[in-house]
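Working notes, structure below.
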Amino acid sequence: MVVVELVIILVINLSFLMMSKFYSCINATSIICLLVAFPVSNLAQEIKILAKGVNSSLRGLSVVDENVVWVSGSNGKVAKTTNGGVSFQWFTVQGYEQRDFRDIHAFDSSTAVIIAIDTPAVILKTIDGGRSWYKVFEDNRPGMFLDAMHFEGREGVVIGDPIDGRPFIAKTSNKGETWQAQYLQNDCQQTINGEAFFAASGSNIQLLKKRGTYFPLYVSGGIQSRLFFQGQCIALPMQSGKNYTGANGLIYSSRLKKGVILGGDFSDAKRSDSAMVFFELDKTLKIGQPISIPAGYKSGVAFLGKEEIITCGTTGVDKWSASNNKWTNLSSQSYHAVQSDENHKILYLCGSKGYISKIISK
């Protein structure tokens with residue numbers, strides 16, 4: 001009985017100690033503390049290469065579930081797996097053999113949407129597993145350059161470089177069958193010369209649902225880097241001042257109520273300062289302090305569980321752990337994009353020369 005009482009007292013004291021540590025850091029670095037508050041995983045990760053050697057720079061990535069994954073890239077290439085990466089089926093989109101498909105969203109193993117950069121801007125869709133594609137959007141205006149898209153169910157949004165000084169935004173409510181361009185009226189959404197949206201990883205925009213309405217959350221880079229959401233235009237404490245600096249990608253979890261924005265300087269990839277920020281988005285939007293990424297420039301980011309993130313770029317693949325605020329290098333191989341399944345457990349990466357890989361916890 002005495003032993004049981006001692007154990008209970010020990011547990012209670014440890015609980016109070018952990019809570020005091022958590023609350024003592026809330027004011028200073030609340031966003032990081034929210035990550036630390038989750039259980040810590042002791043699993044190590046390894047990267048398993050699933051495919052390589054195809055003449056395509058892959059930047060579009062869509063993880064439907066642990067088995068169904070699509071990728072897209074240059075030279076008109078699209079690929080998919082339906083068995084978790086054991087094998088891939090490759091397609092060259094007929095009539096678009098020279099186009100670069102920088103982003104893709106798949107709904108299942110049969111239906112997917114891809115965007116092609118540069119002019120004319122086009123969006124294509126397949127409903128037969130990638131064997132054939134049809135055009136659902138085209139814009140021939142000079143300067144049209146689609147960068148990324150995101151879907152929540154049937155609702156979707158695509159972002160492009162500024163037209164007439166404002167971000168190009170188009171929305172769909174029928175899984176990409178039709179698109180309607182949106183006119184952004186807020187004055188703060190006027191962009192400056194040299195501010196744009198990078199088509200680095202198809203991840204600089206995310207569609208969020210609040211009280212039954214969908215709102216795009218997106219980031220700009222270049223001469224200045226900003227976060228846009230619901231009429232707010234917030235300057236980010238990240239690298240800026242050059243055409244290739246600033247935010248490249250973001251990830252937000254509505255379940256965790258937190259997100260990450262990252263980038264750097266593509267022209268000076270080893271520069272590590274102010275390359276990432278955490279943010280909170282619940283009732284209000286809070287931006288954290290700038291964080292250095294030791295390896296430098298990154299273009300893609302994804303959650304791994306609740307307390308870790310995976311980042312990728314031309315400088316390789318790195319993991320950040322909230323438990324010890326520590327970076328761990330997983331690979332020096334260049335990858336453009338990383339994405340997890342909805343449970344943040346299964347992660348895939350894609351990059352140049354047809355590289356497709358999977359992150360496995362062991």
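Chain identifiers are assigned as A, B, and so on, following the order in which chains appear in the structure tokens; residues are numbered from 1 within each chain, and ligands are numbered from 1 in order of appearance.
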Taking 6 positions as the minimum chain separation for residues in the same chain, which residues sit within 7 Å of stretch 175-186 of chain A when counting only C-alpha atoms? Answer as a PyMOL selection string.
chain A and resi 113+136-137+154-156+169+231
Could you save those same residues with C-alpha atoms as a short mmCIF file (atom, residue, chain, number, x, y, z; two decimals), in the first residue's frame?
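Output saved as selection.cif:
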data_model
loop_
_atom_site.label_atom_id
_atom_site.label_comp_id
_atom_site.auth_asym_id
_atom_site.auth_seq_id
_atom_site.Cartn_x
_atom_site.Cartn_y
_atom_site.Cartn_z
CA VAL A 113 -5.76 17.31 -61.85
CA VAL A 136 -10.47 22.26 -67.86
CA PHE A 137 -8.78 25.69 -67.78
CA ARG A 154 -14.54 18.95 -54.02
CA GLU A 155 -13.33 22.49 -53.30
CA GLY A 156 -10.03 23.62 -54.78
CA ILE A 169 -6.42 33.09 -57.75
CA GLY A 231 -7.83 39.88 -45.99
#
Test item: residues at most 6 Å from A:Gly351, only C-alpha atoms, excluding those fewer than 2 positions along its chain, as a ChimeraX atom specification
/A:57-58,335-336,355
So that I have them on file, write out the residues from the current selection with N, CA and C atoms, as a PDB file, in the first residue's frame.
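File part.pdb, as written:
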ATOM      1  N   SER A  57      12.003  16.402 -63.896  1.00  0.00           N
ATOM      2  CA  SER A  57      12.132  17.028 -62.584  1.00  0.00           C
ATOM      3  C   SER A  57      10.746  17.048 -61.955  1.00  0.00           C
ATOM      4  N   LEU A  58      10.563  16.259 -60.921  1.00  0.00           N
ATOM      5  CA  LEU A  58       9.247  16.063 -60.312  1.00  0.00           C
ATOM      6  C   LEU A  58       9.060  17.042 -59.150  1.00  0.00           C
ATOM      7  N   TYR A 335      15.600  16.780 -53.067  1.00  0.00           N
ATOM      8  CA  TYR A 335      14.188  16.527 -53.343  1.00  0.00           C
ATOM      9  C   TYR A 335      13.454  17.863 -53.356  1.00  0.00           C
ATOM     10  N   HIS A 336      12.426  17.981 -54.197  1.00  0.00           N
ATOM     11  CA  HIS A 336      11.677  19.229 -54.298  1.00  0.00           C
ATOM     12  C   HIS A 336      10.458  19.269 -53.388  1.00  0.00           C
ATOM     13  N   TYR A 355      13.364  11.039 -59.273  1.00  0.00           N
ATOM     14  CA  TYR A 355      13.481  10.459 -57.937  1.00  0.00           C
ATOM     15  C   TYR A 355      12.129  10.488 -57.212  1.00  0.00           C
TER      16      TYR A 355
END
What is the distance between atom CA of A:Met144 and atom CA of A:Pro167, in Å to one decimal?
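Answer for the atom CA of A:Met144 to atom CA of A:Pro167 separation: 10.5 Å.
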Using only C-alpha atoms, which residue out of A:Asn343, A:Thr126, A:Ser203, A:Thr172 lies closest to A:Arg59?
A:Ser203
Applying 7 Å and only C-alpha atoms, which residues near A:Asn243 remain after dropping the ones on its own chain fewer than 6 positions away? List them as a list in words.
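Once the nearby chain positions are removed, what remains is Gly194, Gly222 and Ile223 of chain A.
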Would you export the selected residues with N, CA and C atoms as an mmCIF file, in the first residue's frame, please?
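Contents of the output file selection23.cif:
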data_model
loop_
_atom_site.group_PDB
_atom_site.id
_atom_site.type_symbol
_atom_site.label_atom_id
_atom_site.label_comp_id
_atom_site.auth_asym_id
_atom_site.auth_seq_id
_atom_site.Cartn_x
_atom_site.Cartn_y
_atom_site.Cartn_z
ATOM 1 N N GLY A 194 8.868 42.265 -58.082
ATOM 2 C CA GLY A 194 9.802 41.293 -57.532
ATOM 3 C C GLY A 194 9.205 40.373 -56.488
ATOM 4 N N GLY A 222 10.391 36.303 -52.758
ATOM 5 C CA GLY A 222 11.082 37.249 -53.624
ATOM 6 C C GLY A 222 11.574 38.448 -52.841
ATOM 7 N N ILE A 223 11.335 39.643 -53.393
ATOM 8 C CA ILE A 223 11.789 40.870 -52.751
ATOM 9 C C ILE A 223 11.200 41.011 -51.351
#
So how far away is atom CA of A:Asp187 from atom CA of A:Asn248, in Å?
23.1 Å
Spatial neighbours of A:Leu207, 9 Å, only C-alpha atoms, chain gap at least 5 places, as a PyMOL selection string:
chain A and resi 149-152+155-157+214-218
Residue subset to file, keeping C-alpha atoms, as a PDB file, in the first residue's frame:
ATOM      1  CA  MET A 149      -3.014  24.313 -56.029  1.00  0.00           C
ATOM      2  CA  HIS A 150      -4.767  22.685 -53.098  1.00  0.00           C
ATOM      3  CA  PHE A 151      -8.054  20.834 -52.557  1.00  0.00           C
ATOM      4  CA  GLU A 152     -10.355  20.121 -49.652  1.00  0.00           C
ATOM      5  CA  GLU A 155     -13.326  22.487 -53.303  1.00  0.00           C
ATOM      6  CA  GLY A 156     -10.035  23.620 -54.784  1.00  0.00           C
ATOM      7  CA  VAL A 157      -7.883  26.682 -55.373  1.00  0.00           C
ATOM      8  CA  TYR A 214     -13.339  27.998 -47.653  1.00  0.00           C
ATOM      9  CA  PHE A 215     -10.455  30.468 -47.500  1.00  0.00           C
ATOM     10  CA  PRO A 216      -7.032  30.228 -49.177  1.00  0.00           C
ATOM     11  CA  LEU A 217      -3.918  30.576 -47.033  1.00  0.00           C
ATOM     12  CA  TYR A 218      -0.859  31.372 -49.148  1.00  0.00           C
TER      13      TYR A 218
END
Counting only C-alpha atoms, give me one row per residue of stretch 147-246 of chain A with an atom at most 9 Å from an atom of stretch 254-263 of chain A, showing the shortest contact pair and its distance in Å to one decimal, sorted by chain then residue number, as JSON lines.
{"residue": "A:Asn204", "atom": "CA", "partner": "A:Ile261", "partner_atom": "CA", "distance": 8.5}
{"residue": "A:Leu208", "atom": "CA", "partner": "A:Ser254", "partner_atom": "CA", "distance": 7.9}
{"residue": "A:Lys209", "atom": "CA", "partner": "A:Ser254", "partner_atom": "CA", "distance": 8.8}
{"residue": "A:Val219", "atom": "CA", "partner": "A:Ile261", "partner_atom": "CA", "distance": 8.2}
{"residue": "A:Gly221", "atom": "CA", "partner": "A:Gly263", "partner_atom": "CA", "distance": 8.6}
{"residue": "A:Met238", "atom": "CA", "partner": "A:Gly263", "partner_atom": "CA", "distance": 8.2}
{"residue": "A:Gln239", "atom": "CA", "partner": "A:Gly263", "partner_atom": "CA", "distance": 8.2}
{"residue": "A:Thr245", "atom": "CA", "partner": "A:Gly263", "partner_atom": "CA", "distance": 7.3}
{"residue": "A:Gly246", "atom": "CA", "partner": "A:Gly263", "partner_atom": "CA", "distance": 5.6}
Once you have the residues from the selection above, write them out as a JSON list (two decimals), in the first residue's frame, restricted to N, CA and C atoms.
[["chain", "number", "residue", "atom", "x", "y", "z"],
["A", 204, "ASN", "N", 2.72, 26.24, -51.76],
["A", 204, "ASN", "CA", 2.68, 27.61, -51.19],
["A", 204, "ASN", "C", 1.26, 28.10, -50.95],
["A", 208, "LEU", "N", -8.42, 26.32, -46.51],
["A", 208, "LEU", "CA", -8.89, 26.01, -45.17],
["A", 208, "LEU", "C", -10.39, 26.28, -45.07],
["A", 209, "LYS", "N", -11.06, 25.46, -44.27],
["A", 209, "LYS", "CA", -12.49, 25.61, -44.06],
["A", 209, "LYS", "C", -12.74, 26.19, -42.68],
["A", 219, "VAL", "N", 1.46, 32.04, -49.34],
["A", 219, "VAL", "CA", 2.65, 32.82, -49.04],
["A", 219, "VAL", "C", 3.35, 33.27, -50.32],
["A", 221, "GLY", "N", 7.02, 35.16, -52.01],
["A", 221, "GLY", "CA", 8.46, 35.25, -51.79],
["A", 221, "GLY", "C", 9.07, 36.24, -52.77],
["A", 238, "MET", "N", 11.39, 36.41, -42.68],
["A", 238, "MET", "CA", 12.21, 35.45, -43.41],
["A", 238, "MET", "C", 13.15, 36.20, -44.35],
["A", 239, "GLN", "N", 14.06, 35.46, -44.95],
["A", 239, "GLN", "CA", 14.98, 36.05, -45.91],
["A", 239, "GLN", "C", 14.20, 36.80, -47.00],
["A", 245, "THR", "N", 14.56, 34.79, -52.79],
["A", 245, "THR", "CA", 14.50, 34.61, -51.34],
["A", 245, "THR", "C", 13.06, 34.48, -50.86],
["A", 246, "GLY", "N", 12.93, 34.03, -49.62],
["A", 246, "GLY", "CA", 11.61, 34.03, -48.99],
["A", 246, "GLY", "C", 10.93, 32.69, -48.95]]
Would you mind reading off the distance between atom CA of A:Ile115 and atom CA of A:His344, one decimal, in Å?
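Those two atoms sit 25.1 Å apart.
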Per DSSP on the backbone, filter stretch 36-139 of chain A down to the residues in strand (DSSP E or B) and report them as a PyMOL selection string.
chain A and resi 45-51+58-63+69-73+77-81+89-92+101-106+112-116+121-126+134-139
Output N, CA and C atoms of each residue in that selection to a file, as a compact mmCIF listing (two decimals), in the first residue's frame.
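Dumped to out-v4.txt:
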# COMPACT_ATOMS: atom_id res chain seq x y z
N GLN A 45 14.14 7.27 -38.73
CA GLN A 45 13.60 7.22 -40.09
C GLN A 45 14.70 6.89 -41.09
N GLU A 46 14.29 6.23 -42.14
CA GLU A 46 15.19 6.03 -43.28
C GLU A 46 14.42 6.32 -44.56
N ILE A 47 15.16 6.71 -45.59
CA ILE A 47 14.55 7.05 -46.87
C ILE A 47 14.78 5.90 -47.85
N LYS A 48 13.70 5.36 -48.36
CA LYS A 48 13.77 4.27 -49.32
C LYS A 48 13.47 4.81 -50.71
N ILE A 49 14.42 4.68 -51.63
CA ILE A 49 14.23 5.14 -53.00
C ILE A 49 13.34 4.15 -53.74
N LEU A 50 12.25 4.66 -54.30
CA LEU A 50 11.28 3.82 -55.00
C LEU A 50 11.44 3.85 -56.51
N ALA A 51 11.88 5.00 -57.04
CA ALA A 51 12.05 5.15 -58.49
C ALA A 51 13.08 6.22 -58.75
N LEU A 58 10.56 16.26 -60.92
CA LEU A 58 9.25 16.06 -60.31
C LEU A 58 9.06 17.04 -59.15
N ARG A 59 8.04 17.88 -59.25
CA ARG A 59 7.71 18.83 -58.19
C ARG A 59 6.26 18.70 -57.71
N GLY A 60 5.42 18.05 -58.50
CA GLY A 60 4.04 17.82 -58.11
C GLY A 60 3.92 16.49 -57.38
N LEU A 61 3.24 16.49 -56.22
CA LEU A 61 3.14 15.29 -55.41
C LEU A 61 1.78 15.27 -54.71
N SER A 62 1.07 14.16 -54.81
CA SER A 62 -0.24 14.02 -54.16
C SER A 62 -0.35 12.64 -53.54
N VAL A 63 -0.41 12.61 -52.20
CA VAL A 63 -0.53 11.36 -51.47
C VAL A 63 -2.01 11.17 -51.11
N VAL A 69 -0.38 7.12 -54.71
CA VAL A 69 0.41 8.34 -54.77
C VAL A 69 0.63 8.72 -56.23
N TRP A 70 0.47 10.01 -56.54
CA TRP A 70 0.73 10.53 -57.88
C TRP A 70 1.85 11.56 -57.82
N VAL A 71 2.62 11.67 -58.92
CA VAL A 71 3.63 12.71 -59.06
C VAL A 71 3.53 13.29 -60.46
N SER A 72 4.06 14.53 -60.62
CA SER A 72 4.07 15.16 -61.94
C SER A 72 5.32 16.02 -62.06
N GLY A 73 5.72 16.29 -63.33
CA GLY A 73 6.92 17.08 -63.52
C GLY A 73 7.15 17.52 -64.94
N LYS A 77 5.57 14.62 -67.89
CA LYS A 77 5.52 13.35 -67.19
C LYS A 77 4.57 13.36 -65.99
N VAL A 78 3.85 12.25 -65.83
CA VAL A 78 3.01 11.97 -64.67
C VAL A 78 3.21 10.49 -64.32
N ALA A 79 3.22 10.18 -63.02
CA ALA A 79 3.35 8.79 -62.60
C ALA A 79 2.44 8.54 -61.41
N LYS A 80 2.10 7.28 -61.21
CA LYS A 80 1.30 6.92 -60.03
C LYS A 80 1.65 5.52 -59.58
N THR A 81 1.43 5.29 -58.29
CA THR A 81 1.52 3.96 -57.72
C THR A 81 0.22 3.66 -57.00
N GLN A 89 3.46 3.47 -62.55
CA GLN A 89 3.03 3.53 -63.94
C GLN A 89 3.28 4.94 -64.43
N TRP A 90 4.05 5.07 -65.52
CA TRP A 90 4.45 6.38 -66.04
C TRP A 90 3.64 6.75 -67.27
N PHE A 91 3.31 8.05 -67.37
CA PHE A 91 2.56 8.57 -68.52
C PHE A 91 3.27 9.80 -69.06
N THR A 92 3.21 9.98 -70.36
CA THR A 92 3.58 11.25 -70.99
C THR A 92 2.30 11.83 -71.57
N PHE A 101 4.65 20.13 -65.51
CA PHE A 101 3.51 20.04 -64.60
C PHE A 101 4.00 20.15 -63.16
N ARG A 102 3.95 21.38 -62.63
CA ARG A 102 4.56 21.66 -61.33
C ARG A 102 3.71 21.22 -60.14
N ASP A 103 2.44 20.91 -60.36
CA ASP A 103 1.64 20.45 -59.23
C ASP A 103 0.56 19.49 -59.72
N ILE A 104 0.16 18.61 -58.81
CA ILE A 104 -0.87 17.62 -59.11
C ILE A 104 -1.71 17.40 -57.86
N HIS A 105 -3.00 17.16 -58.06
CA HIS A 105 -3.85 16.71 -56.95
C HIS A 105 -4.66 15.52 -57.44
N ALA A 106 -4.60 14.45 -56.67
CA ALA A 106 -5.33 13.24 -57.01
C ALA A 106 -6.43 12.99 -55.99
N ALA A 112 -7.43 12.75 -61.26
CA ALA A 112 -6.38 13.68 -60.84
C ALA A 112 -6.42 14.94 -61.70
N VAL A 113 -5.84 16.02 -61.17
CA VAL A 113 -5.76 17.31 -61.85
C VAL A 113 -4.30 17.75 -61.82
N ILE A 114 -3.80 18.29 -62.95
CA ILE A 114 -2.44 18.80 -63.03
C ILE A 114 -2.44 20.21 -63.59
N ILE A 115 -1.43 21.01 -63.19
CA ILE A 115 -1.27 22.36 -63.73
C ILE A 115 0.08 22.46 -64.43
N ALA A 116 0.09 23.20 -65.54
CA ALA A 116 1.32 23.44 -66.30
C ALA A 116 1.73 24.89 -66.13
N ALA A 121 -1.24 29.21 -69.49
CA ALA A 121 -1.49 28.46 -68.28
C ALA A 121 -2.63 27.48 -68.54
N VAL A 122 -2.40 26.21 -68.22
CA VAL A 122 -3.44 25.20 -68.45
C VAL A 122 -3.58 24.31 -67.23
N ILE A 123 -4.81 23.82 -67.04
CA ILE A 123 -5.10 22.82 -66.04
C ILE A 123 -5.77 21.65 -66.76
N LEU A 124 -5.28 20.45 -66.53
CA LEU A 124 -5.80 19.26 -67.18
C LEU A 124 -6.34 18.30 -66.13
N LYS A 125 -7.25 17.42 -66.57
CA LYS A 125 -7.85 16.45 -65.66
C LYS A 125 -7.94 15.08 -66.32
N THR A 126 -7.76 14.05 -65.52
CA THR A 126 -7.98 12.68 -65.98
C THR A 126 -9.00 12.01 -65.09
N TYR A 134 -7.98 15.83 -70.30
CA TYR A 134 -8.71 16.87 -71.02
C TYR A 134 -8.54 18.21 -70.30
N LYS A 135 -8.63 19.27 -71.08
CA LYS A 135 -8.37 20.62 -70.58
C LYS A 135 -9.60 21.15 -69.84
N VAL A 136 -9.38 21.67 -68.63
CA VAL A 136 -10.47 22.26 -67.86
C VAL A 136 -10.26 23.75 -67.61
N PHE A 137 -9.06 24.26 -67.96
CA PHE A 137 -8.78 25.69 -67.78
C PHE A 137 -7.62 26.09 -68.68
N GLU A 138 -7.73 27.31 -69.24
CA GLU A 138 -6.62 27.87 -70.02
C GLU A 138 -6.67 29.39 -69.95
N ASP A 139 -5.50 30.01 -69.83
CA ASP A 139 -5.40 31.46 -69.81
C ASP A 139 -4.15 31.84 -70.59
Excluding stretch 316-320 of chain A and its own-chain neighbours fewer than 6 positions away, which residues fall within 6 Å of it when counting only C-alpha atoms? Please give them as an MDAnalysis selection string.
chainID A and resid 308:310 326:334
Write to file, as an mmCIF file, in the first residue's frame, the residues of the selection just made, with C-alpha atoms.
data_model
loop_
_atom_site.group_PDB
_atom_site.id
_atom_site.type_symbol
_atom_site.label_atom_id
_atom_site.label_comp_id
_atom_site.auth_asym_id
_atom_site.auth_seq_id
_atom_site.Cartn_x
_atom_site.Cartn_y
_atom_site.Cartn_z
ATOM 1 C CA GLU A 308 8.311 16.271 -35.877
ATOM 2 C CA ILE A 309 8.524 17.858 -39.310
ATOM 3 C CA ILE A 310 10.341 16.738 -42.447
ATOM 4 C CA LYS A 326 17.093 19.520 -32.842
ATOM 5 C CA TRP A 327 17.763 19.044 -36.548
ATOM 6 C CA THR A 328 18.756 15.644 -37.965
ATOM 7 C CA ASN A 329 19.935 15.126 -41.533
ATOM 8 C CA LEU A 330 18.259 12.162 -43.210
ATOM 9 C CA SER A 331 19.736 12.463 -46.699
ATOM 10 C CA SER A 332 21.914 14.695 -48.854
ATOM 11 C CA GLN A 333 19.866 13.750 -51.919
ATOM 12 C CA SER A 334 17.992 16.683 -53.459
#
Calculated over only C-alpha atoms, which of the candidates A:Ser357, A:Thr82, A:Ser74, A:Ser132 has the smallest distance to A:Asp108?
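Under the stated criterion, the closest residue is A:Thr82.
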Under the rule that only C-alpha atoms are counted, which of A:Ser220, A:Gln189, A:Thr119, A:Asn325 is the nearest residue to A:Phe145?
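Among the listed residues, the smallest separation from A:Phe145 belongs to A:Thr119.
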Residue nearest A:Ala148 - candidates A:Gln206, A:Ser240, A:Ser267, A:Ser110, atoms counted: only C-alpha atoms
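Between A:Gln206, A:Ser240, A:Ser267, A:Ser110, the residue approaching A:Ala148 most closely is A:Gln206.
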